[in-house]
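The structure under discussion appears below in the form of C-alpha cells.
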Amino acid sequence: MTDLDSTPGDAVYLDHAASTPMLPEAVAAMTRQLPRTGNPSSLHASGRAARRVVEESREAIARALGCRPGEVVLTSGGTESDNLAVKGLFWSRRGADPRRTRVLSTSVEHHAVLDPLHWLAEHEGAEVELLPVDDTGRLDVRALRASVERDPGSVALVSVMWANNEVGTVQPVDEVVEVAREHGIPVHSDAVQAVGQLPVDFAASGVDAMTVTAHKIGGPYGVGALVVRRELDVTPLLHGGGQERDIRSGTIDTPAIAGFAEALRVTVEHRDEQATRLAALRDDLVERVRERVPDVLVNGAAEHRLPGNAHLTFPGCEGDSLLMLLDARGIACSTGSACSAGVPQPSHVLLAMGADAERARGSLRFSLGHTSSTADVDAVVDAIVPVVERARAAGLAGQTRKAG
Amino acid sequence: MRVVAAMSGGVDSAVAAARAVDAGHDVTGIHLALSRNPKSYRTGARGCCTIEDANDARRAADVIGIPFYVWDLSDRFHDDVVEDFMAEYSAGRTPNPCLRCNERIKFAAVLDRALALGFDAVATGHYARLETAADGTVEMHRAVDHGKDQSYVLGVLTQEQLAHSLFPLGGSSKPDVRAEAERRGLSVARKPDSHDICFISDGDTAGWLREKLGAGSGDLVDHATGEVLGRHEGAFGFTIGQRRGLRIGRPTDDGRPRYVLDIEPVSGTVTVGPREELTVDRIEGRAARWCGLPPTGRLEGTVQLRAHGAEHRAVVSASPDDVRIELLEPAEGIAPGQAAVVYDGSRVVGSCTITSATRARTA
Ligand SMILES: Cc1ncc(COP(=O)(O)O)c(C=O)c1O
C-alpha cells in the first residue's frame, strides 16, 4: 500500500460544505464499536448488543432532530435518502392515486434530488416542475402556490431543500409546508446543509420527509438518514431483509451509526454558539476580501443564509484557475460541481439565480466549519490579491470562444 | 521550473509527467477535456466522454504524487480542431487534426493559460527530442525511437512554443517507457495505444463525416476519358491514393487496378485512374510554420508527407509563408490539406499545409 499519510492535506481547509472533519467524540464513538461483532438483526447476545447501540443511536439522532426514533430510517447518506424520498414518495403516492404524476421542486436542488427527478420524468412519466428562485436563490413561494393550485390533486410530492449547498441560501420551508398542507401533499426537504448550522426541528417544521447525512456534521462518510413521518408510505429502493421499517434493506453499519449519532449530538449542542462564531468569521472573510478585491461579487442571500457560507464571484477570473492557485498555497475551497470526469461545470444554481455563464464560472465557495479559525481567514486574505491577479491574467483563457 | 504535464490518461504522458518530476520540476498534471457529450444528464452541459481517460490520468497523477486538475477546452477544441476538420473535408482536402490540436490547443490555448498562471512550460508524452543549439535556439529532432517518432505532428510548433515545451520521452523506446511505467506502479502501463482521431470514438471517419456533412454522393469518373464509371455514396469515404472499396463493377481494359486521383468536393466527383497518375514530385504549400528562422535560399533536406510516412529527399525553397518542394524521390497519393514537414537530417525545420501536389517529370 502507498503511504497515504505522506500525501499532504490542506493547511487551510475551507470546504466544510463538501465534508467536514470528523469530531473527536465521533471518532471515539465509532472506534469503540469497530472491534465488536454482531449483526443488529441477529437474535443472540452479540446481535442484541449491536441492536442496542443502533437503537440508542437512533434515539440520540431523533432527539437532535426533533423527531421520534421510529421516524429515523438509516441509510448510506444524503444521496440515498434523497433518492428514497423522491422516488419512494412518487411511487407510493401515484400508486395510491394514478392522477398524482406531478412533482414540484426547485431549480437549485442538489443533484441527488435533481437527477432522480429527471429519471422519474424520463422513465416513469413524472411531470417535473422546477420552480424558479429569485436572484438570491430563494424559492418564489407564489409560484409554488400557483402551481399547486392549478391542480392540487395531481401533485405527488413537493421537494424543497432546507438550505442550498452552493450559495447557502435558506429556503422558506415553513411557507412551502403551509401551501402543501392545505392540499394534503407531502413535503420532502433535503436538510443536509442545514443541520448543525440552523435550528432544524422535524416535528415543528411540518415537513414529512427530511434528508440528513453524517459527513457534513462531523460524522463518518457513507451514513445518513431519511426522517419520515410514520404514517407516510414510502416505496423502497432497496429490497431485502427489510431492516429499516421495511423501507430500506441491508445490514446497517453499527460503528458508523454510533459515530453519526455522537457527531449530531455534539454539533447540535454547540450549534448556536458555533453559528454565531462562523457568521462573524465569514463576514470578516467577505469584508477583507472585498477591501482587497473591490469588484468581488457576493452571491446568495444576505439574511437567509447559512452562517458558514461565503460564495464569491471574481469577475474576469476562471473559478478553476482560482481554485488551483489557492490549492497550490494550501487553501482548499470549491467551485461548485464538476461532472464525473472532473470537468468543471457552470453551476446550475447560479444560472437559476439569473447569473450569466461567465459569472457562474468565475465563482468560488468558501465554506467554514468547526475547525475554522481567524488564521484561515487571514490566509485567504493574504493570498487573494496575487491569486486573483494571476487568474485574471489567465482570464477565461482556453474556455471561452474566441471573439468572432 | 513550474511545469504543466498534459496527461491524456495514456502511458506516455504519465511517464513524461513522472520524468519531469524526477528532473526536479514542480509539476502539475492537467487532463484536457476536449470532447462534448450532449447527452449528458447533468445540467445538460458538456462533458463526459472522457471519464475513463480522466480517471486513468488522475490515478497516474496520484501515484506520481502531483496535483491534478481537468481543464475544459472543449469549446476551443470544437472551434479550432473539429470545425476545421469538417471545413477541410468539405473543401476536398485531407487535414491532420492532431497537428491542428498541437498548433492551436496543446501548445497554444493550454500553454498560454499555463504561462499566465505562472507556469514555465508544458510537458507532453510526444516522442521527439529538444536540443538547445549554441546560439540558444531550441531545436526539435526526431525521437531516438524512429518507429514512434512524433516530430511530424509537432512540426507546426514555433520557436516561442518550443522554448516552453518539454518532451521527456524523446530519448526512449516505447517498450522502455512501458517497462518504466510498470516499475513506477502506473496502472496505465499496459493500456493500449490510441491511434484513431480522438473525437471519432469508433474510428469510422467516413461515417462520422457523412453524419456531419451529409452524404455528398457523386460520380466516379475515369481521369482520361471522363467517362462516368459509377456512383458513390459519399466523397468522404475516399482518400487520394485509395484503391480498395471503389466498387466499380467494370474492370479496366488492361486489367490494372484503379486508384482515387482526385476528389471534387462540391460536385462530389471522384476521379480514378492508374497508379502512375498518383506519383507527384512537386509540392506547393502555404501557412508555413518554422521551428526557428525560416530557411533562406534552397534547402536540401527531406520531407515527410503524412504521419508515420516515409522520408523523401527534397529541395525546399520558402518565401516566408509559401513553400515549394521538389521531391528528388517522388511520392504517391498526396492530398491537399496534408502537412509537409521539412527536416534537415534529424532536425525539424518547419511545416506547411499542402495546396497542390503535381508531377513535373514523367515517371
Ligand atoms: C444538499 C446536499 N444534498 C445531498 C448531498 C449528498 O450527500 P451524500 O454525500 O451523503 O450522498 C449533499 C452533499 O454533497 C448536499 O450538499
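Chain labels A, B, ... are given in the sequence in which chains occur in the C-alpha cells; within each chain residues are numbered consecutively from 1, and ligands are likewise numbered from 1 in the order shown.
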>> Distance limit 9 Å, reference ligand 1, atoms considered: only C-alpha atoms and all ligand atoms. Which residues make the cut? Give them as a PyMOL selection string.
In response: chain A and resi 17-19+76-82+109-113+161-166+190-194+211-216+221-224
Those selected residues, please, written with N, CA, C and O atoms and delivered as a tab-separated table (two decimals), in the first residue's frame.
chain	number	residue	atom	x	y	z
A	17	ALA	N	-18.55	22.41	3.50
A	17	ALA	CA	-19.83	22.02	2.92
A	17	ALA	C	-19.69	20.76	2.09
A	17	ALA	O	-20.67	20.08	1.79
A	18	ALA	N	-18.47	20.43	1.68
A	18	ALA	CA	-18.25	19.18	0.95
A	18	ALA	C	-18.13	18.03	1.95
A	18	ALA	O	-18.75	16.97	1.77
A	19	SER	N	-17.34	18.22	2.97
A	19	SER	CA	-17.14	17.25	4.05
A	19	SER	C	-16.42	17.98	5.15
A	19	SER	O	-15.45	18.67	4.89
A	76	SER	N	-27.41	5.07	3.59
A	76	SER	CA	-25.98	5.22	3.29
A	76	SER	C	-25.60	6.69	3.10
A	76	SER	O	-24.48	6.97	2.69
A	77	GLY	N	-26.52	7.62	3.34
A	77	GLY	CA	-26.14	9.02	3.26
A	77	GLY	C	-27.16	9.87	2.52
A	77	GLY	O	-28.29	9.44	2.25
A	78	GLY	N	-26.74	11.07	2.19
A	78	GLY	CA	-27.64	12.06	1.61
A	78	GLY	C	-28.19	11.63	0.26
A	78	GLY	O	-29.40	11.79	-0.01
A	79	THR	N	-27.36	11.09	-0.57
A	79	THR	CA	-27.79	10.73	-1.91
A	79	THR	C	-28.86	9.65	-1.85
A	79	THR	O	-29.89	9.73	-2.52
A	80	GLU	N	-28.63	8.64	-1.03
A	80	GLU	CA	-29.63	7.57	-0.93
A	80	GLU	C	-30.92	8.11	-0.33
A	80	GLU	O	-32.02	7.80	-0.80
A	81	SER	N	-30.81	8.93	0.71
A	81	SER	CA	-32.02	9.46	1.34
A	81	SER	C	-32.83	10.30	0.36
A	81	SER	O	-34.06	10.21	0.31
A	82	ASP	N	-32.16	11.13	-0.41
A	82	ASP	CA	-32.86	11.95	-1.40
A	82	ASP	C	-33.56	11.07	-2.45
A	82	ASP	O	-34.71	11.30	-2.82
A	109	GLU	N	-31.93	22.64	-6.49
A	109	GLU	CA	-31.71	21.46	-5.66
A	109	GLU	C	-30.34	20.84	-5.95
A	109	GLU	O	-29.74	21.05	-7.01
A	110	HIS	N	-29.89	20.02	-5.02
A	110	HIS	CA	-28.68	19.22	-5.21
A	110	HIS	C	-28.96	18.16	-6.28
A	110	HIS	O	-30.10	17.75	-6.48
A	111	HIS	N	-27.90	17.71	-6.95
A	111	HIS	CA	-28.08	16.68	-7.98
A	111	HIS	C	-28.69	15.40	-7.42
A	111	HIS	O	-29.31	14.64	-8.16
A	112	ALA	N	-28.54	15.17	-6.12
A	112	ALA	CA	-29.12	13.97	-5.52
A	112	ALA	C	-30.65	14.03	-5.52
A	112	ALA	O	-31.32	13.02	-5.35
A	113	VAL	N	-31.20	15.24	-5.72
A	113	VAL	CA	-32.65	15.38	-5.91
A	113	VAL	C	-32.96	15.57	-7.40
A	113	VAL	O	-33.86	14.94	-7.96
A	161	MET	N	-35.25	21.99	-0.79
A	161	MET	CA	-34.14	21.84	0.14
A	161	MET	C	-34.23	22.87	1.26
A	161	MET	O	-34.77	23.96	1.09
A	162	TRP	N	-33.69	22.53	2.42
A	162	TRP	CA	-33.74	23.44	3.57
A	162	TRP	C	-32.75	24.59	3.34
A	162	TRP	O	-33.09	25.76	3.51
A	163	ALA	N	-31.54	24.23	2.94
A	163	ALA	CA	-30.54	25.27	2.65
A	163	ALA	C	-29.68	24.78	1.50
A	163	ALA	O	-29.39	23.59	1.40
A	164	ASN	N	-29.29	25.73	0.67
A	164	ASN	CA	-28.56	25.36	-0.53
A	164	ASN	C	-27.08	25.10	-0.25
A	164	ASN	O	-26.42	25.86	0.46
A	165	ASN	N	-26.55	24.07	-0.87
A	165	ASN	CA	-25.16	23.68	-0.62
A	165	ASN	C	-24.16	24.59	-1.31
A	165	ASN	O	-23.02	24.70	-0.87
A	166	GLU	N	-24.55	25.26	-2.40
A	166	GLU	CA	-23.56	26.10	-3.09
A	166	GLU	C	-23.54	27.51	-2.54
A	166	GLU	O	-22.51	28.00	-2.10
A	190	ASP	N	-34.39	18.41	1.76
A	190	ASP	CA	-33.01	17.99	1.91
A	190	ASP	C	-32.35	18.96	2.90
A	190	ASP	O	-32.09	20.11	2.57
A	191	ALA	N	-32.13	18.46	4.13
A	191	ALA	CA	-31.59	19.33	5.18
A	191	ALA	C	-30.12	19.04	5.45
A	191	ALA	O	-29.60	19.37	6.52
A	192	VAL	N	-29.46	18.44	4.45
A	192	VAL	CA	-28.05	18.04	4.62
A	192	VAL	C	-27.18	19.21	5.09
A	192	VAL	O	-26.35	19.07	5.98
A	193	GLN	N	-27.36	20.38	4.47
A	193	GLN	CA	-26.52	21.52	4.81
A	193	GLN	C	-27.04	22.30	6.02
A	193	GLN	O	-26.29	23.02	6.67
A	194	ALA	N	-28.34	22.17	6.26
A	194	ALA	CA	-28.94	22.99	7.32
A	194	ALA	C	-28.63	22.45	8.71
A	194	ALA	O	-28.36	23.21	9.65
A	211	THR	N	-33.93	14.76	4.64
A	211	THR	CA	-32.64	14.10	4.39
A	211	THR	C	-31.54	14.67	5.27
A	211	THR	O	-31.42	15.90	5.40
A	212	VAL	N	-30.75	13.77	5.85
A	212	VAL	CA	-29.60	14.16	6.67
A	212	VAL	C	-28.42	13.27	6.30
A	212	VAL	O	-28.61	12.11	5.94
A	213	THR	N	-27.21	13.79	6.40
A	213	THR	CA	-26.03	12.94	6.17
A	213	THR	C	-24.97	13.25	7.22
A	213	THR	O	-24.86	14.39	7.70
A	214	ALA	N	-24.19	12.22	7.59
A	214	ALA	CA	-23.28	12.37	8.73
A	214	ALA	C	-22.01	13.15	8.42
A	214	ALA	O	-21.51	13.89	9.27
A	215	HIS	N	-21.50	13.01	7.18
A	215	HIS	CA	-20.17	13.57	6.94
A	215	HIS	C	-20.16	15.08	6.80
A	215	HIS	O	-19.10	15.68	6.66
A	216	LYS	N	-21.33	15.71	6.84
A	216	LYS	CA	-21.35	17.17	6.81
A	216	LYS	C	-21.44	17.76	8.22
A	216	LYS	O	-21.46	18.98	8.39
A	221	TYR	N	-18.30	9.10	6.76
A	221	TYR	CA	-18.88	9.05	5.42
A	221	TYR	C	-19.79	7.85	5.28
A	221	TYR	O	-19.69	6.87	6.01
A	222	GLY	N	-20.72	7.94	4.35
A	222	GLY	CA	-21.48	6.76	3.96
A	222	GLY	C	-22.57	6.36	4.95
A	222	GLY	O	-22.98	5.22	4.98
A	223	VAL	N	-23.02	7.31	5.75
A	223	VAL	CA	-24.16	7.02	6.61
A	223	VAL	C	-24.99	8.29	6.74
A	223	VAL	O	-24.47	9.40	6.71
A	224	GLY	N	-26.28	8.09	6.85
A	224	GLY	CA	-27.18	9.22	6.97
A	224	GLY	C	-28.56	8.70	7.31
A	224	GLY	O	-28.70	7.54	7.71
For region 291-307 of chain A, find every residue with an atom within 7 Å (counting only C-alpha atoms), except residues of its own chain fewer than 2 positions away, and show them as a PDB file with N, CA, C and O atoms, in the first residue's frame.
ATOM      1  N   THR A 136     -31.385  35.779  -5.224  1.00  0.00           N
ATOM      2  CA  THR A 136     -30.597  35.309  -4.080  1.00  0.00           C
ATOM      3  C   THR A 136     -30.685  33.789  -3.945  1.00  0.00           C
ATOM      4  O   THR A 136     -30.098  33.217  -3.025  1.00  0.00           O
ATOM      5  N   GLY A 137     -31.449  33.168  -4.819  1.00  0.00           N
ATOM      6  CA  GLY A 137     -31.554  31.711  -4.784  1.00  0.00           C
ATOM      7  C   GLY A 137     -32.716  31.209  -3.963  1.00  0.00           C
ATOM      8  O   GLY A 137     -32.829  30.017  -3.702  1.00  0.00           O
ATOM      9  N   VAL A 167     -24.696  28.183  -2.598  1.00  0.00           N
ATOM     10  CA  VAL A 167     -24.709  29.600  -2.209  1.00  0.00           C
ATOM     11  C   VAL A 167     -25.229  29.820  -0.797  1.00  0.00           C
ATOM     12  O   VAL A 167     -25.254  30.955  -0.318  1.00  0.00           O
ATOM     13  N   GLY A 168     -25.660  28.741  -0.127  1.00  0.00           N
ATOM     14  CA  GLY A 168     -26.032  28.844   1.280  1.00  0.00           C
ATOM     15  C   GLY A 168     -27.386  29.470   1.563  1.00  0.00           C
ATOM     16  O   GLY A 168     -27.705  29.745   2.728  1.00  0.00           O
ATOM     17  N   THR A 169     -28.183  29.666   0.529  1.00  0.00           N
ATOM     18  CA  THR A 169     -29.479  30.304   0.736  1.00  0.00           C
ATOM     19  C   THR A 169     -30.455  29.369   1.457  1.00  0.00           C
ATOM     20  O   THR A 169     -30.578  28.190   1.095  1.00  0.00           O
ATOM     21  N   VAL A 170     -31.113  29.902   2.464  1.00  0.00           N
ATOM     22  CA  VAL A 170     -32.078  29.129   3.236  1.00  0.00           C
ATOM     23  C   VAL A 170     -33.467  29.315   2.619  1.00  0.00           C
ATOM     24  O   VAL A 170     -33.882  30.431   2.326  1.00  0.00           O
ATOM     25  N   GLN A 197     -26.155  23.848  11.418  1.00  0.00           N
ATOM     26  CA  GLN A 197     -25.930  25.288  11.241  1.00  0.00           C
ATOM     27  C   GLN A 197     -27.164  26.103  11.592  1.00  0.00           C
ATOM     28  O   GLN A 197     -27.063  27.260  11.987  1.00  0.00           O
ATOM     29  N   ALA A 275     -22.712  28.830  15.233  1.00  0.00           N
ATOM     30  CA  ALA A 275     -23.296  29.619  14.146  1.00  0.00           C
ATOM     31  C   ALA A 275     -22.902  31.086  14.288  1.00  0.00           C
ATOM     32  O   ALA A 275     -22.547  31.749  13.308  1.00  0.00           O
ATOM     33  N   LEU A 278     -19.169  31.348  13.387  1.00  0.00           N
ATOM     34  CA  LEU A 278     -18.881  31.179  11.959  1.00  0.00           C
ATOM     35  C   LEU A 278     -19.381  32.364  11.138  1.00  0.00           C
ATOM     36  O   LEU A 278     -18.722  32.801  10.193  1.00  0.00           O
ATOM     37  N   ALA A 279     -20.543  32.883  11.513  1.00  0.00           N
ATOM     38  CA  ALA A 279     -21.080  34.021  10.763  1.00  0.00           C
ATOM     39  C   ALA A 279     -20.137  35.215  10.879  1.00  0.00           C
ATOM     40  O   ALA A 279     -19.895  35.931   9.900  1.00  0.00           O
ATOM     41  N   GLU A 287     -15.613  40.712   4.037  1.00  0.00           N
ATOM     42  CA  GLU A 287     -15.271  42.126   4.157  1.00  0.00           C
ATOM     43  C   GLU A 287     -13.820  42.376   3.742  1.00  0.00           C
ATOM     44  O   GLU A 287     -13.519  43.280   2.959  1.00  0.00           O
ATOM     45  N   ARG A 288     -12.925  41.558   4.256  1.00  0.00           N
ATOM     46  CA  ARG A 288     -11.498  41.787   3.976  1.00  0.00           C
ATOM     47  C   ARG A 288     -11.122  41.404   2.554  1.00  0.00           C
ATOM     48  O   ARG A 288     -10.214  41.985   1.973  1.00  0.00           O
ATOM     49  N   VAL A 289     -11.804  40.432   1.989  1.00  0.00           N
ATOM     50  CA  VAL A 289     -11.557  40.131   0.570  1.00  0.00           C
ATOM     51  C   VAL A 289     -12.040  41.312  -0.276  1.00  0.00           C
ATOM     52  O   VAL A 289     -11.369  41.749  -1.204  1.00  0.00           O
ATOM     53  N   ASN A 309     -21.230  29.951   5.051  1.00  0.00           N
ATOM     54  CA  ASN A 309     -21.086  30.016   3.595  1.00  0.00           C
ATOM     55  C   ASN A 309     -20.716  31.400   3.081  1.00  0.00           C
ATOM     56  O   ASN A 309     -21.364  32.390   3.407  1.00  0.00           O
ATOM     57  N   HIS A 311     -19.961  32.815  -0.805  1.00  0.00           N
ATOM     58  CA  HIS A 311     -19.909  32.433  -2.218  1.00  0.00           C
ATOM     59  C   HIS A 311     -19.618  33.681  -3.039  1.00  0.00           C
ATOM     60  O   HIS A 311     -20.410  34.610  -3.071  1.00  0.00           O
ATOM     61  N   LEU A 312     -18.447  33.695  -3.675  1.00  0.00           N
ATOM     62  CA  LEU A 312     -17.948  34.932  -4.265  1.00  0.00           C
ATOM     63  C   LEU A 312     -17.672  34.766  -5.754  1.00  0.00           C
ATOM     64  O   LEU A 312     -17.239  33.693  -6.192  1.00  0.00           O
ATOM     65  N   THR A 313     -17.928  35.824  -6.520  1.00  0.00           N
ATOM     66  CA  THR A 313     -17.522  35.846  -7.924  1.00  0.00           C
ATOM     67  C   THR A 313     -16.406  36.857  -8.098  1.00  0.00           C
ATOM     68  O   THR A 313     -16.506  37.993  -7.615  1.00  0.00           O
ATOM     69  N   PHE A 314     -15.352  36.432  -8.767  1.00  0.00           N
ATOM     70  CA  PHE A 314     -14.239  37.320  -9.084  1.00  0.00           C
ATOM     71  C   PHE A 314     -14.282  37.585 -10.582  1.00  0.00           C
ATOM     72  O   PHE A 314     -13.860  36.741 -11.368  1.00  0.00           O
ATOM     73  N   PRO A 315     -14.815  38.752 -10.986  1.00  0.00           N
ATOM     74  CA  PRO A 315     -15.024  39.000 -12.414  1.00  0.00           C
ATOM     75  C   PRO A 315     -13.715  38.881 -13.196  1.00  0.00           C
ATOM     76  O   PRO A 315     -12.665  39.329 -12.735  1.00  0.00           O
ATOM     77  N   VAL A 385      -5.031  38.523  -3.346  1.00  0.00           N
ATOM     78  CA  VAL A 385      -4.646  39.503  -4.361  1.00  0.00           C
ATOM     79  C   VAL A 385      -3.747  38.885  -5.446  1.00  0.00           C
ATOM     80  O   VAL A 385      -4.083  38.950  -6.631  1.00  0.00           O
TER      81      VAL A 385
END
> Of the candidates B:Asp75, B:Glu160, B:Asp322, B:Glu276, which one gets nearest to chain A if we count only C-alpha atoms?
Replying inline: B:Asp75
> Using only C-alpha atoms, which residue out of B:His25, B:Arg113, B:Arg93, B:Arg210 lies closest to chain A?
Replying inline: B:Arg113
>> as JSON, numbers by chain, please: every residue in region 136-223 of chain A that DSSP puts in helix (DSSP H, G or I).
In response: {"A": [141, 142, 143, 144, 145, 146, 147, 148, 149, 150, 152, 153, 154, 173, 174, 175, 176, 177, 178, 179, 180, 181, 202, 203, 204, 205, 214, 215, 216]}
> With only C-alpha atoms as the basis for distance, which of A:Glu127, A:Glu318, A:Glu231, A:Glu175 is at the shortest distance from Arg142 (chain A)?
Replying inline: A:Glu175
>> When you count only C-alpha atoms, which of these residues is closest to Pro69 (chain A): A:Arg282, A:Arg245, A:His183, A:Arg329?
In response: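 For Pro69 (chain A), the nearest of the given residues is A:Arg245.
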>> Could you list, as a PyMOL selection string, every residue within 9 Å of Lys191 (chain B), counting only C-alpha atoms and ignoring same-chain residues fewer than 4 positions away?
In response: chain B and resi 10-11+187
Writer output for current selection, C-alpha atoms, as a PDB file, in the first residue's frame:
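Contents of the output file result-v4.pdb:
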ATOM      1  CA  GLY B  10      -2.261   7.087 -21.563  1.00  0.00           C
ATOM      2  CA  VAL B  11       1.054   5.577 -20.611  1.00  0.00           C
ATOM      3  CA  SER B 187      -1.643   1.184 -13.825  1.00  0.00           C
TER       4      SER B 187
END
> For chain B, which of A:Glu244, A:Asp15, A:Asp327, A:Glu269 is the closest residue, counting only C-alpha atoms?
Replying inline: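 Ranked by minimum distance to chain B, first place goes to A:Asp327.
Within 12 Å of Gly309 (chain B), once only C-alpha atoms are used and residues closer than 3 positions along the same chain are dropped, the contacting residues are His146, Gly147, Lys148, Asp149, Gln150, Ser151, Tyr152, Val153, Thr302, Val303, Gln304, Leu305, Arg306, His312, Ala331, Glu332, Gly333, Ile334, Gln338, Ala339, Ala340 and Val341 of chain B.
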